file query-v2.pdb (PDB, C-alpha atoms and all ligand atoms)
ATOM      1  CA  MET Y   1      29.849   5.705  -4.243
ATOM      2  CA  GLY Y   2      30.181   6.609  -0.556
ATOM      3  CA  VAL Y   3      27.275   8.354   1.147
ATOM      4  CA  MET Y   4      29.451  11.424   1.847
ATOM      5  CA  GLU Y   5      30.688  11.770  -1.750
ATOM      6  CA  GLY Y   6      30.519  15.446  -2.804
ATOM      7  CA  LYS Y   7      30.166  16.708   0.786
ATOM      8  CA  ARG Y   8      32.696  18.961   2.491
ATOM      9  CA  GLY Y   9      32.881  20.013   6.126
ATOM     10  CA  VAL Y  10      35.018  21.068   9.049
ATOM     11  CA  VAL Y  11      36.151  18.977  12.017
ATOM     12  CA  PHE Y  12      37.020  20.637  15.356
ATOM     13  CA  GLY Y  13      38.837  18.520  17.945
ATOM     14  CA  ILE Y  14      41.557  16.221  16.594
ATOM     15  CA  ALA Y  15      44.317  16.194  19.226
ATOM     16  CA  ASN Y  16      45.846  12.905  18.032
ATOM     17  CA  ASP Y  17      44.933   9.552  16.474
ATOM     18  CA  ARG Y  18      42.984   8.488  19.567
ATOM     19  CA  SER Y  19      40.559  11.447  19.509
ATOM     20  CA  TYR Y  20      36.891  10.822  18.829
ATOM     21  CA  ALA Y  21      37.201  13.440  16.065
ATOM     22  CA  TRP Y  22      39.914  11.302  14.427
ATOM     23  CA  TYR Y  23      37.681   8.212  14.332
ATOM     24  CA  ILE Y  24      34.821  10.325  12.977
ATOM     25  CA  THR Y  25      37.117  11.710  10.259
ATOM     26  CA  LYS Y  26      38.353   8.199   9.438
ATOM     27  CA  GLN Y  27      34.827   7.010   8.713
ATOM     28  CA  LEU Y  28      33.854  10.260   6.937
ATOM     29  CA  VAL Y  29      36.832   9.985   4.599
ATOM     30  CA  GLU Y  30      36.034   6.336   3.924
ATOM     31  CA  ALA Y  31      32.487   7.427   2.981
ATOM     32  CA  GLY Y  32      33.902   9.956   0.501
ATOM     33  CA  ALA Y  33      33.767  13.232   2.484
ATOM     34  CA  GLU Y  34      36.267  16.065   2.143
ATOM     35  CA  CYS Y  35      37.327  17.330   5.584
ATOM     36  CA  CYS Y  36      38.901  20.582   6.805
ATOM     37  CA  PHE Y  37      40.390  20.778  10.296
ATOM     38  CA  THR Y  38      41.161  23.125  13.166
ATOM     39  CA  HIS Y  39      43.567  22.692  16.065
ATOM     40  CA  LEU Y  40      43.913  24.342  19.451
ATOM     41  CA  PRO Y  41      46.614  27.007  19.062
ATOM     42  CA  ASP Y  42      49.684  26.801  21.334
ATOM     43  CA  GLU Y  43      52.953  28.734  21.342
ATOM     44  CA  LYS Y  44      55.198  25.829  20.422
ATOM     45  CA  GLY Y  45      52.983  24.586  17.607
ATOM     46  CA  LYS Y  46      52.756  21.118  19.207
ATOM     47  CA  MET Y  47      48.978  20.844  18.746
ATOM     48  CA  GLU Y  48      49.228  21.767  15.086
ATOM     49  CA  ARG Y  49      51.958  19.146  14.461
ATOM     50  CA  ARG Y  50      49.993  16.435  16.286
ATOM     51  CA  CYS Y  51      46.764  17.232  14.477
ATOM     52  CA  ARG Y  52      48.531  17.356  11.103
ATOM     53  CA  SER Y  53      50.279  14.024  11.571
ATOM     54  CA  ALA Y  54      47.084  12.332  12.835
ATOM     55  CA  VAL Y  55      45.230  13.558   9.753
ATOM     56  CA  GLN Y  56      48.079  12.474   7.471
ATOM     57  CA  GLU Y  57      47.675   8.927   8.816
ATOM     58  CA  LEU Y  58      44.277   9.030   7.123
ATOM     59  CA  GLY Y  59      45.880   9.780   3.776
ATOM     60  CA  ILE Y  60      45.237  13.535   3.784
ATOM     61  CA  ASP Y  61      48.757  14.787   3.031
ATOM     62  CA  GLU Y  62      48.086  18.522   2.867
ATOM     63  CA  PRO Y  63      45.094  19.218   5.086
ATOM     64  CA  TRP Y  64      43.169  22.499   5.258
ATOM     65  CA  LEU Y  65      44.181  23.294   8.846
ATOM     66  CA  GLN Y  66      43.558  26.462  10.852
ATOM     67  CA  PRO Y  67      44.189  27.394  14.491
ATOM     68  CA  CYS Y  68      41.040  27.912  16.567
ATOM     69  CA  ASP Y  69      40.516  28.379  20.287
ATOM     70  CA  VAL Y  70      36.740  27.940  20.471
ATOM     71  CA  SER Y  71      36.539  30.366  23.392
ATOM     72  CA  SER Y  72      37.645  33.142  21.013
ATOM     73  CA  ASP Y  73      35.051  34.790  18.763
ATOM     74  CA  ASP Y  74      37.884  36.170  16.630
ATOM     75  CA  ASP Y  75      39.316  32.677  16.036
ATOM     76  CA  LEU Y  76      35.881  31.274  15.155
ATOM     77  CA  ASP Y  77      35.171  34.186  12.802
ATOM     78  CA  ALA Y  78      38.529  33.664  11.088
ATOM     79  CA  VAL Y  79      37.819  29.950  10.518
ATOM     80  CA  PHE Y  80      34.301  30.478   9.152
ATOM     81  CA  ASP Y  81      35.409  33.470   7.019
ATOM     82  CA  LYS Y  82      38.173  31.367   5.512
ATOM     83  CA  LEU Y  83      35.836  28.446   4.841
ATOM     84  CA  LYS Y  84      33.508  30.863   3.061
ATOM     85  CA  SER Y  85      36.219  32.511   0.999
ATOM     86  CA  ASP Y  86      37.916  29.196   0.091
ATOM     87  CA  PHE Y  87      34.813  27.116  -0.674
ATOM     88  CA  GLY Y  88      31.705  29.345  -0.712
ATOM     89  CA  SER Y  89      29.751  26.825   1.342
ATOM     90  CA  ILE Y  90      30.154  23.657   3.407
ATOM     91  CA  ASP Y  91      27.834  20.770   4.270
ATOM     92  CA  PHE Y  92      28.769  19.688   7.792
ATOM     93  CA  ILE Y  93      30.427  20.635  11.073
ATOM     94  CA  VAL Y  94      31.875  18.210  13.645
ATOM     95  CA  HIS Y  95      32.172  19.673  17.163
ATOM     96  CA  SER Y  96      34.329  17.301  19.234
ATOM     97  CA  VAL Y  97      35.745  19.705  21.786
ATOM     98  CA  ALA Y  98      35.563  19.854  25.565
ATOM     99  CA  PHE Y  99      37.567  21.191  28.469
ATOM    100  CA  ALA Y 100      37.297  21.400  32.252
ATOM    101  CA  ASP Y 101      39.943  22.104  34.881
ATOM    102  CA  ARG Y 102      41.033  18.619  35.988
ATOM    103  CA  ALA Y 103      41.401  19.856  39.593
ATOM    104  CA  PHE Y 104      37.603  19.651  39.801
ATOM    105  CA  LEU Y 105      37.207  16.268  38.100
ATOM    106  CA  GLN Y 106      37.899  14.135  41.163
ATOM    107  CA  THR Y 107      35.360  11.822  42.788
ATOM    108  CA  GLY Y 108      33.492  13.688  45.518
ATOM    109  CA  ASN Y 109      34.815  17.194  44.820
ATOM    110  CA  PHE Y 110      32.042  18.568  42.601
ATOM    111  CA  HIS Y 111      30.938  20.858  45.440
ATOM    112  CA  THR Y 112      34.339  22.615  45.366
ATOM    113  CA  THR Y 113      33.942  23.791  41.737
ATOM    114  CA  THR Y 114      34.780  27.482  41.431
ATOM    115  CA  ARG Y 115      32.832  30.080  39.463
ATOM    116  CA  GLN Y 116      35.786  30.365  37.098
ATOM    117  CA  ALA Y 117      36.062  26.590  36.478
ATOM    118  CA  TRP Y 118      32.291  26.391  35.898
ATOM    119  CA  SER Y 119      32.267  29.252  33.371
ATOM    120  CA  GLN Y 120      35.320  27.963  31.529
ATOM    121  CA  ALA Y 121      33.943  24.411  31.195
ATOM    122  CA  LEU Y 122      30.525  25.615  30.007
ATOM    123  CA  GLU Y 123      32.001  28.153  27.604
ATOM    124  CA  ILE Y 124      34.486  25.812  25.894
ATOM    125  CA  SER Y 125      32.357  22.658  25.990
ATOM    126  CA  ALA Y 126      28.812  23.957  25.371
ATOM    127  CA  TYR Y 127      28.650  27.616  24.295
ATOM    128  CA  SER Y 128      31.093  26.753  21.507
ATOM    129  CA  LEU Y 129      28.397  24.622  19.832
ATOM    130  CA  LEU Y 130      26.038  27.602  19.816
ATOM    131  CA  ALA Y 131      28.857  29.805  18.499
ATOM    132  CA  MET Y 132      29.404  27.379  15.608
ATOM    133  CA  GLY Y 133      25.672  27.056  14.936
ATOM    134  CA  GLN Y 134      25.434  30.840  14.782
ATOM    135  CA  ARG Y 135      28.165  30.978  12.151
ATOM    136  CA  SER Y 136      26.902  27.931  10.219
ATOM    137  CA  VAL Y 137      24.116  30.024   8.662
ATOM    138  CA  GLY Y 138      26.664  32.004   6.631
ATOM    139  CA  VAL Y 139      28.375  28.913   5.197
ATOM    140  CA  MET Y 140      25.377  26.579   4.783
ATOM    141  CA  PRO Y 141      23.022  28.482   2.453
ATOM    142  CA  GLU Y 142      21.563  25.193   1.175
ATOM    143  CA  GLY Y 143      21.350  23.639   4.649
ATOM    144  CA  GLY Y 144      23.679  21.186   6.353
ATOM    145  CA  SER Y 145      24.311  19.011   9.372
ATOM    146  CA  ILE Y 146      26.094  19.703  12.669
ATOM    147  CA  ILE Y 147      27.066  17.098  15.268
ATOM    148  CA  SER Y 148      28.742  17.213  18.657
ATOM    149  CA  MET Y 149      29.959  14.641  21.196
ATOM    150  CA  THR Y 150      28.379  14.138  24.589
ATOM    151  CA  TYR Y 151      28.499  11.554  27.393
ATOM    152  CA  TYR Y 152      26.019   9.825  29.737
ATOM    153  CA  GLY Y 153      27.434  11.910  32.613
ATOM    154  CA  GLY Y 154      25.264  14.745  31.243
ATOM    155  CA  GLU Y 155      22.128  12.738  32.126
ATOM    156  CA  LYS Y 156      23.111  10.909  35.325
ATOM    157  CA  VAL Y 157      25.682  11.386  38.048
ATOM    158  CA  ILE Y 158      28.982   9.688  37.168
ATOM    159  CA  PRO Y 159      31.592   9.977  39.939
ATOM    160  CA  GLY Y 160      34.406  12.326  38.893
ATOM    161  CA  TYR Y 161      32.635  13.629  35.764
ATOM    162  CA  ASN Y 162      31.349  16.573  37.828
ATOM    163  CA  ILE Y 163      31.355  19.946  36.037
ATOM    164  CA  MET Y 164      31.777  18.158  32.701
ATOM    165  CA  GLY Y 165      28.365  16.548  33.333
ATOM    166  CA  ILE Y 166      26.798  19.991  33.726
ATOM    167  CA  ALA Y 167      28.494  21.097  30.500
ATOM    168  CA  LYS Y 168      27.181  18.014  28.658
ATOM    169  CA  ALA Y 169      23.623  18.638  29.906
ATOM    170  CA  ALA Y 170      23.960  22.177  28.509
ATOM    171  CA  LEU Y 171      25.387  20.850  25.243
ATOM    172  CA  GLU Y 172      22.519  18.375  24.807
ATOM    173  CA  HIS Y 173      19.854  21.014  25.403
ATOM    174  CA  THR Y 174      21.711  23.537  23.249
ATOM    175  CA  THR Y 175      21.456  20.888  20.510
ATOM    176  CA  ARG Y 176      17.643  20.914  20.811
ATOM    177  CA  TYR Y 177      17.278  24.714  20.873
ATOM    178  CA  LEU Y 178      19.719  25.137  17.976
ATOM    179  CA  ALA Y 179      17.913  22.440  15.983
ATOM    180  CA  ALA Y 180      14.618  24.274  16.493
ATOM    181  CA  ASP Y 181      16.104  27.633  15.464
ATOM    182  CA  LEU Y 182      18.064  26.417  12.447
ATOM    183  CA  GLY Y 183      15.579  23.829  11.176
ATOM    184  CA  ARG Y 184      13.790  26.242   8.834
ATOM    185  CA  GLN Y 185      17.144  26.831   7.160
ATOM    186  CA  ALA Y 186      17.522  23.075   6.657
ATOM    187  CA  ILE Y 187      20.418  22.930   9.118
ATOM    188  CA  ARG Y 188      20.172  19.872  11.370
ATOM    189  CA  VAL Y 189      21.858  19.599  14.778
ATOM    190  CA  ASN Y 190      22.375  16.327  16.665
ATOM    191  CA  THR Y 191      24.689  14.974  19.332
ATOM    192  CA  ILE Y 192      26.235  11.531  19.846
ATOM    193  CA  SER Y 193      26.520  10.178  23.366
ATOM    194  CA  GLY Y 194      29.594   7.983  23.053
ATOM    195  CA  GLY Y 195      30.883   5.281  25.373
ATOM    196  CA  PRO Y 196      34.178   5.854  27.185
ATOM    197  CA  LEU Y 197      37.238   5.981  24.926
ATOM    198  CA  ARG Y 198      40.882   6.272  26.063
ATOM    199  CA  THR Y 199      41.689   9.809  24.919
ATOM    200  CA  LEU Y 200      43.584  12.791  26.329
ATOM    201  CA  ALA Y 201      40.354  14.399  27.543
ATOM    202  CA  ALA Y 202      39.195  11.159  29.199
ATOM    203  CA  SER Y 203      42.457  10.825  31.124
ATOM    204  CA  ALA Y 204      41.620  14.063  32.985
ATOM    205  CA  VAL Y 205      38.544  12.501  34.599
ATOM    206  CA  GLY Y 206      39.179  10.944  38.010
ATOM    207  CA  GLY Y 207      37.841   7.360  38.237
ATOM    208  CA  ILE Y 208      38.045   6.783  34.479
ATOM    209  CA  ALA Y 209      39.470   3.259  34.931
ATOM    210  CA  GLU Y 210      36.389   2.294  36.940
ATOM    211  CA  MET Y 211      34.159   3.761  34.214
ATOM    212  CA  PHE Y 212      35.686   1.397  31.637
ATOM    213  CA  GLU Y 213      35.292  -1.607  33.886
ATOM    214  CA  HIS Y 214      31.693  -0.693  34.752
ATOM    215  CA  GLN Y 215      30.856  -0.109  31.077
ATOM    216  CA  GLU Y 216      31.693  -3.699  30.136
ATOM    217  CA  ARG Y 217      29.831  -5.137  33.120
ATOM    218  CA  LYS Y 218      26.627  -3.127  32.644
ATOM    219  CA  ALA Y 219      26.280  -2.474  28.881
ATOM    220  CA  ALA Y 220      23.610  -4.484  27.055
ATOM    221  CA  LEU Y 221      26.218  -5.681  24.561
ATOM    222  CA  GLY Y 222      28.604  -6.615  27.390
ATOM    223  CA  ARG Y 223      31.448  -4.551  25.966
ATOM    224  CA  ASN Y 224      32.652  -1.049  25.256
ATOM    225  CA  ILE Y 225      32.414   0.592  21.848
ATOM    226  CA  ALA Y 226      35.100   1.118  19.203
ATOM    227  CA  GLY Y 227      35.820   4.646  17.948
ATOM    228  CA  GLU Y 228      34.773   3.596  14.447
ATOM    229  CA  GLU Y 229      31.262   2.782  15.713
ATOM    230  CA  VAL Y 230      30.834   6.415  16.745
ATOM    231  CA  GLY Y 231      32.391   7.409  13.414
ATOM    232  CA  ASN Y 232      29.784   5.396  11.514
ATOM    233  CA  THR Y 233      26.926   7.053  13.417
ATOM    234  CA  ALA Y 234      28.519  10.409  12.621
ATOM    235  CA  VAL Y 235      28.473   9.481   8.914
ATOM    236  CA  TYR Y 236      24.767   8.643   9.215
ATOM    237  CA  LEU Y 237      23.987  11.964  10.953
ATOM    238  CA  LEU Y 238      26.070  14.056   8.543
ATOM    239  CA  SER Y 239      24.788  12.351   5.397
ATOM    240  CA  ASP Y 240      21.462  12.392   3.567
ATOM    241  CA  LEU Y 241      20.583   9.105   5.292
ATOM    242  CA  SER Y 242      19.314  11.169   8.247
ATOM    243  CA  THR Y 243      17.552  14.121   6.580
ATOM    244  CA  GLY Y 244      14.526  13.674   8.874
ATOM    245  CA  VAL Y 245      16.545  13.614  12.105
ATOM    246  CA  THR Y 246      17.353  16.696  14.179
ATOM    247  CA  GLY Y 247      17.684  17.740  17.816
ATOM    248  CA  GLU Y 248      18.500  14.190  18.919
ATOM    249  CA  THR Y 249      20.981  12.737  21.368
ATOM    250  CA  ILE Y 250      21.899   9.335  19.934
ATOM    251  CA  HIS Y 251      23.616   6.880  22.283
ATOM    252  CA  VAL Y 252      26.468   4.881  20.797
ATOM    253  CA  ASP Y 253      27.387   3.182  24.051
ATOM    254  CA  ALA Y 254      26.741  -0.534  23.458
ATOM    255  CA  GLY Y 255      23.447  -0.112  25.308
ATOM    256  CA  PHE Y 256      24.994   1.128  28.576
ATOM    257  CA  SER Y 257      22.384   3.859  29.123
ATOM    258  CA  ILE Y 258      19.319   1.599  28.753
ATOM    259  CA  VAL Y 259      20.260  -0.682  31.646
ATOM    260  CA  GLY Y 260      19.295   0.379  35.187
ATOM    261  CA  LEU Y 261      20.928  -2.406  37.161
TER     262      LEU Y 261
HETATM  263  N1  LIG Y 301      36.723   9.973  25.542
HETATM  264  C1  LIG Y 301      35.535   9.688  26.061
HETATM  265  O1  LIG Y 301      35.385   8.746  26.866
HETATM  266  C2  LIG Y 301      34.343  10.483  25.640
HETATM  267  C3  LIG Y 301      33.049   9.925  25.806
HETATM  268  C4  LIG Y 301      31.951  10.652  25.373
HETATM  269  C5  LIG Y 301      32.132  11.914  24.839
HETATM  270  N2  LIG Y 301      33.410  12.429  24.708
HETATM  271  C6  LIG Y 301      33.542  13.765  24.133
HETATM  272  O2  LIG Y 301      34.221  13.667  22.896
HETATM  273  C7  LIG Y 301      34.757  14.951  22.578
HETATM  274  C8  LIG Y 301      36.213  14.792  22.152
HETATM  275  O3  LIG Y 301      36.998  14.376  23.259
HETATM  276  P1  LIG Y 301      38.017  13.165  23.162
HETATM  277  O4  LIG Y 301      37.640  12.199  24.216
HETATM  278  O5  LIG Y 301      38.171  12.735  21.776
HETATM  279  O6  LIG Y 301      39.359  13.819  23.711
HETATM  280  P2  LIG Y 301      40.538  14.615  22.953
HETATM  281  O7  LIG Y 301      41.400  15.135  24.057
HETATM  282  O8  LIG Y 301      41.175  13.765  21.941
HETATM  283  O9  LIG Y 301      39.758  15.797  22.229
HETATM  284  C9  LIG Y 301      39.356  16.957  22.898
HETATM  285  C10 LIG Y 301      39.661  18.100  21.957
HETATM  286  O10 LIG Y 301      39.192  19.341  22.504
HETATM  287  C11 LIG Y 301      40.135  20.316  22.114
HETATM  288  N3  LIG Y 301      39.995  21.545  22.901
HETATM  289  C12 LIG Y 301      40.005  21.696  24.249
HETATM  290  N4  LIG Y 301      39.856  23.010  24.561
HETATM  291  C13 LIG Y 301      39.725  23.681  23.383
HETATM  292  C14 LIG Y 301      39.556  25.045  23.029
HETATM  293  N5  LIG Y 301      39.472  26.012  23.950
HETATM  294  N6  LIG Y 301      39.468  25.375  21.714
HETATM  295  C15 LIG Y 301      39.567  24.423  20.756
HETATM  296  N7  LIG Y 301      39.736  23.110  21.022
HETATM  297  C16 LIG Y 301      39.817  22.746  22.325
HETATM  298  C17 LIG Y 301      41.474  19.625  22.325
HETATM  299  O11 LIG Y 301      42.530  20.313  21.663
HETATM  300  C18 LIG Y 301      41.169  18.263  21.726
HETATM  301  O12 LIG Y 301      41.428  18.267  20.343
HETATM  302  C19 LIG Y 301      34.554  15.807  23.820
HETATM  303  O13 LIG Y 301      33.391  16.583  23.671
HETATM  304  C20 LIG Y 301      34.372  14.761  24.899
HETATM  305  O14 LIG Y 301      33.691  15.266  26.025
HETATM  306  C21 LIG Y 301      34.498  11.733  25.077
END
call {"tool": "encode", "arguments": {"input": "query-v2.pdb", "output": "structure tokens"}}
result
Amino acid sequence: MGVMEGKRGVVFGIANDRSYAWYITKQLVEAGAECCFTHLPDEKGKMERRCRSAVQELGIDEPWLQPCDVSSDDDLDAVFDKLKSDFGSIDFIVHSVAFADRAFLQTGNFHTTTRQAWSQALEISAYSLLAMGQRSVGVMPEGGSIISMTYYGGEKVIPGYNIMGIAKAALEHTTRYLAADLGRQAIRVNTISGGPLRTLAASAVGGIAEMFEHQERKAALGRNIAGEEVGNTAVYLLSDLSTGVTGETIHVDAGFSIVGL
């Protein structure tokens, strides 16, 4: 039996079959989990179609799939209300969502970031975790596990990562405060600091090609990671294998962050 057998949860952030959320789902499904999904709403329904077909590649023919812009309280309420009415309770939440205006993700232009770009990046990429944690209490009466995705640029300066680095620092510390608040309700909150992966979101960051090259040169393992490796750590954090772990940022970066030079 897989370690996620009998567990059900919701995954935010599959844009296509290269998304971190897709690799996490792949490993969750392999471990026996039942997954529900949300997609970013758009007028032409492109995001819904892409999310649906990516999920179908994993053998989930008729996914539970709802629209959700995480900057909208109404959208979040609708998703959590529907989870509650359809299932009563869930066991896990995967937050794999981030956004920043790419105009401010160029090497050397952090100082030009506008108030609006700052607020938008922090709201979509960090506040959204708090917003989900807030709503988790209503759907996790027996406790549960929440994870999000972060990057080393939240700890150190990475050229071009800019405002996204500020958002990741906020996300990582939100993880600790949420974990402390929700711990007495047996809800655990952790974040995975993943190595660079070629996704839509990554392509918005100026200097991303250099990041990949540098990763392989500097990482302890001398290589980058595979999406499935992050997926396996997600399974660990969302399963009962990690019941004593909360508030952590776990690096799945082939040892990139432990090497200084
Ligand atoms: N790709 C990398 O190198 C890398 C490394 C470490 C961490 N991460 C993090 O992994 C997470 C997933 O990103 P990814 O790289 O898989 O890229 P991705 O583009 O595949 O996924 C980003 C997701 O965020 C969603 N999104 C953006 N704005 C939203 C909003 N307002 N409401 C709802 N959804 C919204 C997009 O629709 C998309 O599904 C992000 O938090 C990202 O910062 C990525």
call {"tool": "axis_aligned_box", "arguments": {"input": "query-v2.pdb", "around": "ligand LIG 301 (chain Y)", "padding_each_side": "8 Å", "output": "AutoDock Vina command-line options"}}
result
--center_x 37.2 --center_y 17.4 --center_z 23.6 --size_x 26.6 --size_y 33.3 --size_z 22.5
call {"tool": "residues_near_ligand", "arguments": {"input": "query-v2.pdb", "ligand": "ligand LIG 301 (chain Y)", "cutoff": "7 Å", "atoms": "only C-alpha atoms and all ligand atoms", "output": "mmCIF file with C-alpha atoms, in the frame of the given file"}}
result
data_model
loop_
_atom_site.group_PDB
_atom_site.id
_atom_site.type_symbol
_atom_site.label_atom_id
_atom_site.label_comp_id
_atom_site.auth_asym_id
_atom_site.auth_seq_id
_atom_site.Cartn_x
_atom_site.Cartn_y
_atom_site.Cartn_z
ATOM 1 C CA PHE Y 12 37.020 20.637 15.356
ATOM 2 C CA GLY Y 13 38.837 18.520 17.945
ATOM 3 C CA ILE Y 14 41.557 16.221 16.594
ATOM 4 C CA ALA Y 15 44.317 16.194 19.226
ATOM 5 C CA ASN Y 16 45.846 12.905 18.032
ATOM 6 C CA ARG Y 18 42.984 8.488 19.567
ATOM 7 C CA SER Y 19 40.559 11.447 19.509
ATOM 8 C CA TYR Y 20 36.891 10.822 18.829
ATOM 9 C CA ALA Y 21 37.201 13.440 16.065
ATOM 10 C CA HIS Y 39 43.567 22.692 16.065
ATOM 11 C CA LEU Y 40 43.913 24.342 19.451
ATOM 12 C CA CYS Y 68 41.040 27.912 16.567
ATOM 13 C CA ASP Y 69 40.516 28.379 20.287
ATOM 14 C CA VAL Y 70 36.740 27.940 20.471
ATOM 15 C CA SER Y 71 36.539 30.366 23.392
ATOM 16 C CA SER Y 96 34.329 17.301 19.234
ATOM 17 C CA VAL Y 97 35.745 19.705 21.786
ATOM 18 C CA ALA Y 98 35.563 19.854 25.565
ATOM 19 C CA PHE Y 99 37.567 21.191 28.469
ATOM 20 C CA ILE Y 124 34.486 25.812 25.894
ATOM 21 C CA SER Y 125 32.357 22.658 25.990
ATOM 22 C CA SER Y 148 28.742 17.213 18.657
ATOM 23 C CA MET Y 149 29.959 14.641 21.196
ATOM 24 C CA THR Y 150 28.379 14.138 24.589
ATOM 25 C CA TYR Y 151 28.499 11.554 27.393
ATOM 26 C CA SER Y 193 26.520 10.178 23.366
ATOM 27 C CA GLY Y 194 29.594 7.983 23.053
ATOM 28 C CA GLY Y 195 30.883 5.281 25.373
ATOM 29 C CA PRO Y 196 34.178 5.854 27.185
ATOM 30 C CA LEU Y 197 37.238 5.981 24.926
ATOM 31 C CA ARG Y 198 40.882 6.272 26.063
ATOM 32 C CA THR Y 199 41.689 9.809 24.919
ATOM 33 C CA LEU Y 200 43.584 12.791 26.329
ATOM 34 C CA ALA Y 201 40.354 14.399 27.543
ATOM 35 C CA ALA Y 202 39.195 11.159 29.199
#
call {"tool": "closest_atom_pairs", "arguments": {"input": "query-v2.pdb", "of": "stretch 43-121 of chain Y", "to": "stretch 227-251 of chain Y", "cutoff": "12 Å", "atoms": "only C-alpha atoms", "output": "JSON lines"}}
result
{"residue": "Y:Ile90", "atom": "CA", "partner": "Y:Leu238", "partner_atom": "CA", "distance": 11.6}
{"residue": "Y:Asp91", "atom": "CA", "partner": "Y:Leu238", "partner_atom": "CA", "distance": 8.2}
{"residue": "Y:Phe92", "atom": "CA", "partner": "Y:Leu238", "partner_atom": "CA", "distance": 6.3}
{"residue": "Y:Ile93", "atom": "CA", "partner": "Y:Leu238", "partner_atom": "CA", "distance": 8.3}
{"residue": "Y:Val94", "atom": "CA", "partner": "Y:Ala234", "partner_atom": "CA", "distance": 8.6}
{"residue": "Y:His95", "atom": "CA", "partner": "Y:Ala234", "partner_atom": "CA", "distance": 10.9}
{"residue": "Y:Ser96", "atom": "CA", "partner": "Y:Ala234", "partner_atom": "CA", "distance": 11.2}
call {"tool": "residues_around", "arguments": {"input": "query-v2.pdb", "residues": "Y:Glu34", "least_positions_apart": "3", "cutoff": "7 Å", "atoms": "only C-alpha atoms", "output": "ChimeraX atom specification"}}
result
/Y:7-9,29
call {"tool": "closest_residue", "arguments": {"input": "query-v2.pdb", "among": "Y:Met4, Y:Asp74, Y:Val79, Y:Phe110", "to": "Y:Ser145", "atoms": "all atoms listed in the file"}}
result
Y:Met4
call {"tool": "resolve_selection", "arguments": {"input": "query-v2.pdb", "expression": "the PyMOL selection byres (((chain Y and resi 159-163) around 7) and not hetatm)", "output": "list in words"}}
result
Leu105, Gln106, Thr107, Gly108, Phe110, Trp118, Gly153, Val157, Ile158, Met164, Gly165, Ile166, Ala167, Val205, Gly206 and Gly207 of chain Y
call {"tool": "atom_distance", "arguments": {"input": "query-v2.pdb", "atom1": "atom CA of Y:Lys26", "atom2": "atom CA of Y:Leu178"}}
result
26.6 Å
call {"tool": "closest_residue", "arguments": {"input": "query-v2.pdb", "among": "Y:Ala100, Y:Glu142, Y:Ala33, Y:Ala169", "to": "Y:Arg188", "atoms": "only C-alpha atoms"}}
result
Y:Glu142
call {"tool": "atom_distance", "arguments": {"input": "query-v2.pdb", "atom1": "atom CA of Y:Ala117", "atom2": "atom CA of Y:Thr191"}}
result
23.6 Å
call {"tool": "resolve_selection", "arguments": {"input": "query-v2.pdb", "expression": "the PyMOL selection byres (((chain Y and resi 143) around 7) and not hetatm)", "output": "list in words"}}
result
Met140, Pro141, Glu142, Gly144, Gln185, Ala186 and Ile187 of chain Y
call {"tool": "atom_distance", "arguments": {"input": "query-v2.pdb", "atom1": "atom CA of Y:Val11", "atom2": "atom CA of Y:Thr38"}}
result
6.6 Å
call {"tool": "resolve_selection", "arguments": {"input": "query-v2.pdb", "expression": "the PyMOL selection byres (((chain Y and resi 65) around 6) and not hetatm)", "output": "ChimeraX atom specification"}}
result
/Y:37-38,63-64,66
call {"tool": "closest_residue", "arguments": {"input": "query-v2.pdb", "among": "Y:Asp101, Y:Glu30, Y:Asp77, Y:Asp42", "to": "Y:Gly59", "atoms": "all atoms listed in the file"}}
result
Y:Glu30
call {"tool": "closest_residue", "arguments": {"input": "query-v2.pdb", "among": "Y:Ala220, Y:Ser203, Y:Val139, Y:Asp181", "to": "Y:Asp86", "atoms": "only C-alpha atoms"}}
result
Y:Val139
call {"tool": "closest_residue", "arguments": {"input": "query-v2.pdb", "among": "Y:Ile192, Y:Val259, Y:Glu155, Y:Arg176", "to": "Y:Gly222", "atoms": "all atoms listed in the file"}}
result
Y:Val259
